[in-house]
Protein chains: 2
Amino acid sequence: MGCQWLVFLTVLLFSAVAEASDCATDGVPIVRNISEIEQDSYGIPGLSHVTVAGSVMHGFKEIEVWLQTLAPGTGTPIHRHSCEEIFVVQKGSGTLYLASNSHLKYPGNPQEFPVFANSTFHIPVNDVHQVWNTNEQEDLHFIVVISRPPVKVFVYDDWFMPHTAAQLRFPFPWDERCYQTPPVKDEL
Amino acid sequence: MGCQWLVFLTVLLFSAVAEASDCATDGVPIVRNISEIEQDSYGIPGLSHVTVAGSVMHGFKEIEVWLQTLAPGTGTPIHRHSCEEIFVVQKGSGTLYLASNSHLKYPGNPQEFPVFANSTFHIPVNDVHQVWNTNEQEDLHFIVVISRPPVKVFVYDDWFMPHTAAQLRFPFPWDERCYQTPPVKDEL
């Protein structure tokens, strides 16, 4: 019985060490194998997310890099954020919905942009957008780069919800485990 | 003869338009085909560089994304810069040389880190470094993400050159064509 407890405590200790090294704000190894970084849907249907280089998770201050996959027929929420965002599509195809009507009280009908393998696209700061895998056959794989992490995301139920009613989601689902106290940083 | 001149002027006009759209600081298309973006060595042996999203070239203010390839036996200069830099290796393998001895008057012997396909690595702000394709068989393909563009790069002849003697290279070779006046921006 004593031995079982020892095993239990040893497992617990190793879990704690593994947990701590995932939230490596004090020093992340210089080189990391991306296939060994945690990959999860974070409860979002169709999503696979990997934080390659994160602010909350790894201590980066000015840029954040993600690898994401969207299954056919799934996409991001309709949302906006006050940062630069650049996508590099690695595989598959889909549609970017983008509402650049910041003079209106709500996003309004978005423009549709086809995106495809080996394309890049960007989201102008604060423009309301949604990325959707509209290809029924294939997953949509892309790299996301954002500035000013950790980013505050405002989510809309639909394209006619007033900007003022959009709901703040912070921290990102994938940052919740490592998020502790608001980082002190200068605004750009 | 008049007709020949008309053809010449028309070609000149189209060239000017093409040139202007490459330096699209006033508005870059939302979606772009990466294979249609200019790819060049910029006179650097073994390099292939594509500015996917640039500050000088496209008007991004906080992040810059490049695609680079290094042929076997070639690499970057020994250099440092005051920004965050994250690499994602897509194909091939190589070596990162990194000198984190900022307390010395010169970089000194660097640490060697093997880098490989599907690995990510980062350069701590101001650390002197060099990326080299040490694989004799295969090109090294990677994505580079930097903050605070356009970045001022200080180049060293060797690892024992004093930090104070490192030479400023600005703008980057790939920015020279579009670079005009120093952008007015807040420092982070």
# chains A, B, ... in the order shown; residues from 1 in each chain; ligands from 1

$ interface_residues --of "chain B" --to "chain A" --cutoff "10 Å" --atoms "only C-alpha atoms" --output "PyMOL selection string"
chain B and resi 28-36+52-53+60-65+83-89+96+98+113-124+143+145-148+185-188

$ select_by_dssp --residues "segment 5-119 of chain B" --states "alpha helix (DSSP H)" --output "PyMOL selection string"
chain B and resi 5-22+55-58

$ write_last_selection --atoms "N, CA, C and O atoms" --output "tab-separated table (two decimals), in the first residue's frame"
chain	number	residue	atom	x	y	z
B	5	TRP	N	7.66	53.52	-80.70
B	5	TRP	CA	7.73	54.34	-79.49
B	5	TRP	C	6.52	54.12	-78.59
B	5	TRP	O	6.65	54.06	-77.38
B	6	LEU	N	5.36	53.96	-79.25
B	6	LEU	CA	4.14	53.72	-78.48
B	6	LEU	C	4.25	52.41	-77.70
B	6	LEU	O	3.93	52.32	-76.52
B	7	VAL	N	4.77	51.36	-78.40
B	7	VAL	CA	4.97	50.05	-77.74
B	7	VAL	C	5.92	50.23	-76.56
B	7	VAL	O	5.67	49.76	-75.45
B	8	PHE	N	7.05	50.94	-76.80
B	8	PHE	CA	8.05	51.15	-75.76
B	8	PHE	C	7.44	51.85	-74.54
B	8	PHE	O	7.62	51.43	-73.40
B	9	LEU	N	6.66	52.92	-74.84
B	9	LEU	CA	6.06	53.69	-73.73
B	9	LEU	C	5.04	52.85	-72.97
B	9	LEU	O	4.94	52.94	-71.75
B	10	THR	N	4.29	52.03	-73.73
B	10	THR	CA	3.28	51.18	-73.08
B	10	THR	C	3.97	50.18	-72.14
B	10	THR	O	3.55	49.99	-71.00
B	11	VAL	N	5.07	49.56	-72.64
B	11	VAL	CA	5.82	48.60	-71.81
B	11	VAL	C	6.34	49.30	-70.56
B	11	VAL	O	6.25	48.79	-69.44
B	12	LEU	N	6.87	50.52	-70.77
B	12	LEU	CA	7.42	51.30	-69.65
B	12	LEU	C	6.34	51.58	-68.61
B	12	LEU	O	6.56	51.43	-67.41
B	13	LEU	N	5.16	51.93	-69.10
B	13	LEU	CA	4.04	52.24	-68.21
B	13	LEU	C	3.65	51.00	-67.40
B	13	LEU	O	3.51	51.06	-66.18
B	14	PHE	N	3.55	49.85	-68.08
B	14	PHE	CA	3.18	48.62	-67.38
B	14	PHE	C	4.25	48.23	-66.35
B	14	PHE	O	3.93	47.76	-65.27
B	15	SER	N	5.53	48.44	-66.70
B	15	SER	CA	6.60	48.13	-65.75
B	15	SER	C	6.45	48.98	-64.51
B	15	SER	O	6.59	48.51	-63.39
B	16	ALA	N	6.17	50.26	-64.73
B	16	ALA	CA	6.03	51.18	-63.60
B	16	ALA	C	4.88	50.76	-62.69
B	16	ALA	O	4.99	50.77	-61.48
B	17	VAL	N	3.77	50.35	-63.30
B	17	VAL	CA	2.62	49.91	-62.52
B	17	VAL	C	2.98	48.66	-61.72
B	17	VAL	O	2.69	48.55	-60.54
B	18	ALA	N	3.67	47.69	-62.39
B	18	ALA	CA	4.06	46.45	-61.72
B	18	ALA	C	4.99	46.77	-60.55
B	18	ALA	O	4.83	46.24	-59.45
B	19	GLU	N	5.92	47.66	-60.78
B	19	GLU	CA	6.90	48.07	-59.76
B	19	GLU	C	6.16	48.66	-58.56
B	19	GLU	O	6.41	48.28	-57.42
B	20	ALA	N	5.24	49.55	-58.86
B	20	ALA	CA	4.50	50.21	-57.78
B	20	ALA	C	3.72	49.19	-56.96
B	20	ALA	O	3.68	49.26	-55.75
B	21	SER	N	3.11	48.20	-57.64
B	21	SER	CA	2.29	47.26	-56.90
B	21	SER	C	3.14	46.32	-56.06
B	21	SER	O	2.65	45.72	-55.12
B	22	ASP	N	4.45	46.16	-56.38
B	22	ASP	CA	5.34	45.37	-55.53
B	22	ASP	C	5.66	46.10	-54.23
B	22	ASP	O	5.95	45.48	-53.22
B	55	SER	N	7.30	44.96	-44.00
B	55	SER	CA	7.05	46.31	-43.52
B	55	SER	C	7.30	47.32	-44.64
B	55	SER	O	6.39	48.03	-45.08
B	56	VAL	N	8.53	47.36	-45.14
B	56	VAL	CA	8.89	48.29	-46.20
B	56	VAL	C	8.09	47.97	-47.48
B	56	VAL	O	7.59	48.86	-48.15
B	57	MET	N	7.96	46.67	-47.78
B	57	MET	CA	7.35	46.26	-49.05
B	57	MET	C	5.83	46.32	-49.04
B	57	MET	O	5.20	46.68	-50.03
B	58	HIS	N	5.21	45.97	-47.90
B	58	HIS	CA	3.75	45.86	-47.87
B	58	HIS	C	3.06	46.73	-46.83
B	58	HIS	O	1.83	46.71	-46.74

$ closest_residue --among "B:Leu104, B:Cys178, B:Ala24, B:Leu140" --to "Pro72 of chain B" --atoms "only C-alpha atoms"
B:Leu140

$ select_by_dssp --residues "chain A" --states "strand (DSSP E or B)" --output "VMD selection string"
chain A and resid 31 to 33 40 47 to 53 63 to 70 75 78 to 81 85 to 91 93 to 99 111 to 116 119 to 123 128 to 132 140 to 147 153 to 156 167 to 169

$ atom_distance --atom1 "atom CA of Pro150 of chain B" --atom2 "atom CA of His49 of chain B"
15.7 Å

$ closest_residue --among "B:Leu70, B:Val153, B:Cys23, B:Leu168" --to "His129 of chain B" --atoms "only C-alpha atoms"
B:Val153

$ residues_around --residues "Asp139 of chain B" --least-positions-apart "3" --cutoff "9 Å" --atoms "only C-alpha atoms" --output "ChimeraX atom specification"
/B:69-72,91-93,133,135-136

$ closest_residue --among "A:Ser82, A:Gln167, A:Gln90, A:Thr74" --to "Gln130 of chain A" --atoms "only C-alpha atoms"
A:Thr74

$ residues_around --residues "Ser102 of chain A" --least-positions-apart "5" --cutoff "12 Å" --atoms "only C-alpha atoms" --output "list in words"
Arg80, Pro107, Gly108, Pro110, Pro124, Val125, Asn126, Asp127, Val128, His129, Pro162, His163 and Thr164 of chain A

$ decode --residues "segment 65-181 of chain A" --atoms "C-alpha atoms" --output "PDB file, in the first residue's frame"
ATOM      1  CA  VAL A  65       2.954  31.813 -34.031  1.00  0.00           C
ATOM      2  CA  TRP A  66       0.292  29.077 -34.255  1.00  0.00           C
ATOM      3  CA  LEU A  67      -0.320  26.059 -36.445  1.00  0.00           C
ATOM      4  CA  GLN A  68      -4.003  25.415 -36.975  1.00  0.00           C
ATOM      5  CA  THR A  69      -6.135  22.943 -38.908  1.00  0.00           C
ATOM      6  CA  LEU A  70      -9.847  23.293 -39.622  1.00  0.00           C
ATOM      7  CA  ALA A  71     -11.850  20.235 -40.653  1.00  0.00           C
ATOM      8  CA  PRO A  72     -14.238  20.572 -43.638  1.00  0.00           C
ATOM      9  CA  GLY A  73     -17.298  22.633 -42.734  1.00  0.00           C
ATOM     10  CA  THR A  74     -15.773  24.231 -39.629  1.00  0.00           C
ATOM     11  CA  GLY A  75     -14.294  27.650 -38.961  1.00  0.00           C
ATOM     12  CA  THR A  76     -13.357  30.338 -36.496  1.00  0.00           C
ATOM     13  CA  PRO A  77     -15.956  32.466 -34.725  1.00  0.00           C
ATOM     14  CA  ILE A  78     -16.790  35.860 -36.241  1.00  0.00           C
ATOM     15  CA  HIS A  79     -14.338  38.062 -34.342  1.00  0.00           C
ATOM     16  CA  ARG A  80     -12.006  41.056 -34.268  1.00  0.00           C
ATOM     17  CA  HIS A  81      -8.790  41.976 -32.465  1.00  0.00           C
ATOM     18  CA  SER A  82      -6.519  44.975 -32.250  1.00  0.00           C
ATOM     19  CA  CYS A  83      -3.351  43.488 -33.734  1.00  0.00           C
ATOM     20  CA  GLU A  84      -1.770  42.577 -37.047  1.00  0.00           C
ATOM     21  CA  GLU A  85      -2.511  39.026 -38.197  1.00  0.00           C
ATOM     22  CA  ILE A  86      -0.914  37.179 -41.111  1.00  0.00           C
ATOM     23  CA  PHE A  87      -1.900  33.721 -42.387  1.00  0.00           C
ATOM     24  CA  VAL A  88       0.144  31.339 -44.521  1.00  0.00           C
ATOM     25  CA  VAL A  89      -1.999  28.538 -45.968  1.00  0.00           C
ATOM     26  CA  GLN A  90      -0.070  25.285 -46.148  1.00  0.00           C
ATOM     27  CA  LYS A  91      -2.722  22.861 -47.404  1.00  0.00           C
ATOM     28  CA  GLY A  92      -6.382  22.800 -48.397  1.00  0.00           C
ATOM     29  CA  SER A  93      -8.594  25.718 -49.287  1.00  0.00           C
ATOM     30  CA  GLY A  94     -11.344  27.784 -47.735  1.00  0.00           C
ATOM     31  CA  THR A  95     -12.941  31.199 -47.455  1.00  0.00           C
ATOM     32  CA  LEU A  96     -12.047  34.330 -45.558  1.00  0.00           C
ATOM     33  CA  TYR A  97     -15.070  36.440 -44.630  1.00  0.00           C
ATOM     34  CA  LEU A  98     -14.020  40.017 -43.919  1.00  0.00           C
ATOM     35  CA  ALA A  99     -16.068  43.064 -42.947  1.00  0.00           C
ATOM     36  CA  SER A 100     -14.056  46.235 -43.217  1.00  0.00           C
ATOM     37  CA  ASN A 101     -16.995  48.542 -42.448  1.00  0.00           C
ATOM     38  CA  SER A 102     -15.715  49.988 -39.207  1.00  0.00           C
ATOM     39  CA  HIS A 103     -17.837  53.117 -39.747  1.00  0.00           C
ATOM     40  CA  LEU A 104     -21.033  51.106 -39.233  1.00  0.00           C
ATOM     41  CA  LYS A 105     -22.407  50.110 -35.845  1.00  0.00           C
ATOM     42  CA  TYR A 106     -22.150  46.421 -36.824  1.00  0.00           C
ATOM     43  CA  PRO A 107     -19.889  44.480 -39.229  1.00  0.00           C
ATOM     44  CA  GLY A 108     -22.528  43.965 -41.954  1.00  0.00           C
ATOM     45  CA  ASN A 109     -22.311  41.514 -44.830  1.00  0.00           C
ATOM     46  CA  PRO A 110     -18.666  40.470 -45.213  1.00  0.00           C
ATOM     47  CA  GLN A 111     -16.631  40.271 -48.408  1.00  0.00           C
ATOM     48  CA  GLU A 112     -15.657  36.726 -49.384  1.00  0.00           C
ATOM     49  CA  PHE A 113     -12.081  35.885 -50.315  1.00  0.00           C
ATOM     50  CA  PRO A 114     -11.092  32.413 -51.531  1.00  0.00           C
ATOM     51  CA  VAL A 115      -7.880  31.248 -49.821  1.00  0.00           C
ATOM     52  CA  PHE A 116      -5.807  28.301 -51.058  1.00  0.00           C
ATOM     53  CA  ALA A 117      -2.621  26.298 -50.518  1.00  0.00           C
ATOM     54  CA  ASN A 118       0.488  28.500 -50.757  1.00  0.00           C
ATOM     55  CA  SER A 119      -1.518  31.692 -50.375  1.00  0.00           C
ATOM     56  CA  THR A 120      -1.030  34.314 -47.693  1.00  0.00           C
ATOM     57  CA  PHE A 121      -3.675  36.631 -46.348  1.00  0.00           C
ATOM     58  CA  HIS A 122      -3.829  39.266 -43.626  1.00  0.00           C
ATOM     59  CA  ILE A 123      -6.483  40.836 -41.461  1.00  0.00           C
ATOM     60  CA  PRO A 124      -6.383  44.641 -41.194  1.00  0.00           C
ATOM     61  CA  VAL A 125      -6.252  45.720 -37.530  1.00  0.00           C
ATOM     62  CA  ASN A 126      -9.717  45.535 -35.915  1.00  0.00           C
ATOM     63  CA  ASP A 127     -11.533  44.295 -39.043  1.00  0.00           C
ATOM     64  CA  VAL A 128     -14.201  41.708 -38.193  1.00  0.00           C
ATOM     65  CA  HIS A 129     -13.458  38.351 -39.827  1.00  0.00           C
ATOM     66  CA  GLN A 130     -13.986  34.627 -39.936  1.00  0.00           C
ATOM     67  CA  VAL A 131     -11.950  31.865 -41.587  1.00  0.00           C
ATOM     68  CA  TRP A 132     -13.925  28.866 -42.800  1.00  0.00           C
ATOM     69  CA  ASN A 133     -12.970  25.564 -44.401  1.00  0.00           C
ATOM     70  CA  THR A 134     -15.485  25.587 -47.255  1.00  0.00           C
ATOM     71  CA  ASN A 135     -13.730  22.675 -48.992  1.00  0.00           C
ATOM     72  CA  GLU A 136     -15.745  19.522 -48.306  1.00  0.00           C
ATOM     73  CA  GLN A 137     -12.882  17.157 -49.154  1.00  0.00           C
ATOM     74  CA  GLU A 138      -9.842  18.366 -47.275  1.00  0.00           C
ATOM     75  CA  ASP A 139      -8.598  19.834 -43.997  1.00  0.00           C
ATOM     76  CA  LEU A 140      -7.426  23.452 -44.143  1.00  0.00           C
ATOM     77  CA  HIS A 141      -3.909  23.827 -42.666  1.00  0.00           C
ATOM     78  CA  PHE A 142      -2.394  27.226 -41.961  1.00  0.00           C
ATOM     79  CA  ILE A 143       0.172  29.133 -39.925  1.00  0.00           C
ATOM     80  CA  VAL A 144      -1.063  32.199 -38.031  1.00  0.00           C
ATOM     81  CA  VAL A 145       1.218  35.033 -36.929  1.00  0.00           C
ATOM     82  CA  ILE A 146      -0.093  37.779 -34.641  1.00  0.00           C
ATOM     83  CA  SER A 147       1.432  40.857 -33.039  1.00  0.00           C
ATOM     84  CA  ARG A 148       0.786  42.330 -29.571  1.00  0.00           C
ATOM     85  CA  PRO A 149       0.197  39.055 -27.737  1.00  0.00           C
ATOM     86  CA  PRO A 150      -1.665  38.006 -25.690  1.00  0.00           C
ATOM     87  CA  VAL A 151      -4.494  39.238 -27.888  1.00  0.00           C
ATOM     88  CA  LYS A 152      -7.942  40.248 -26.670  1.00  0.00           C
ATOM     89  CA  VAL A 153     -10.570  38.750 -28.989  1.00  0.00           C
ATOM     90  CA  PHE A 154     -14.099  40.162 -29.357  1.00  0.00           C
ATOM     91  CA  VAL A 155     -16.583  37.589 -30.636  1.00  0.00           C
ATOM     92  CA  TYR A 156     -19.819  38.253 -32.582  1.00  0.00           C
ATOM     93  CA  ASP A 157     -22.879  35.964 -32.778  1.00  0.00           C
ATOM     94  CA  ASP A 158     -23.539  37.160 -36.338  1.00  0.00           C
ATOM     95  CA  TRP A 159     -22.522  39.863 -38.837  1.00  0.00           C
ATOM     96  CA  PHE A 160     -25.270  42.213 -37.654  1.00  0.00           C
ATOM     97  CA  MET A 161     -24.442  42.191 -33.942  1.00  0.00           C
ATOM     98  CA  PRO A 162     -23.377  45.713 -32.863  1.00  0.00           C
ATOM     99  CA  HIS A 163     -19.613  46.138 -32.272  1.00  0.00           C
ATOM    100  CA  THR A 164     -20.432  47.224 -28.723  1.00  0.00           C
ATOM    101  CA  ALA A 165     -22.197  43.919 -28.011  1.00  0.00           C
ATOM    102  CA  ALA A 166     -19.296  41.683 -29.129  1.00  0.00           C
ATOM    103  CA  GLN A 167     -18.090  39.536 -26.253  1.00  0.00           C
ATOM    104  CA  LEU A 168     -14.517  39.610 -24.963  1.00  0.00           C
ATOM    105  CA  ARG A 169     -12.863  36.177 -24.846  1.00  0.00           C
ATOM    106  CA  PHE A 170      -9.659  36.404 -22.865  1.00  0.00           C
ATOM    107  CA  PRO A 171      -7.441  34.544 -22.419  1.00  0.00           C
ATOM    108  CA  PHE A 172      -7.548  32.360 -25.552  1.00  0.00           C
ATOM    109  CA  PRO A 173      -8.758  28.816 -24.753  1.00  0.00           C
ATOM    110  CA  TRP A 174      -5.222  27.477 -25.380  1.00  0.00           C
ATOM    111  CA  ASP A 175      -3.733  30.005 -22.976  1.00  0.00           C
ATOM    112  CA  GLU A 176      -6.068  29.296 -20.061  1.00  0.00           C
ATOM    113  CA  ARG A 177      -3.867  26.651 -18.467  1.00  0.00           C
ATOM    114  CA  CYS A 178      -0.751  28.859 -18.415  1.00  0.00           C
ATOM    115  CA  TYR A 179      -2.422  32.246 -17.911  1.00  0.00           C
ATOM    116  CA  GLN A 180      -1.813  33.646 -14.466  1.00  0.00           C
ATOM    117  CA  THR A 181      -1.525  37.394 -13.989  1.00  0.00           C
TER     118      THR A 181
END
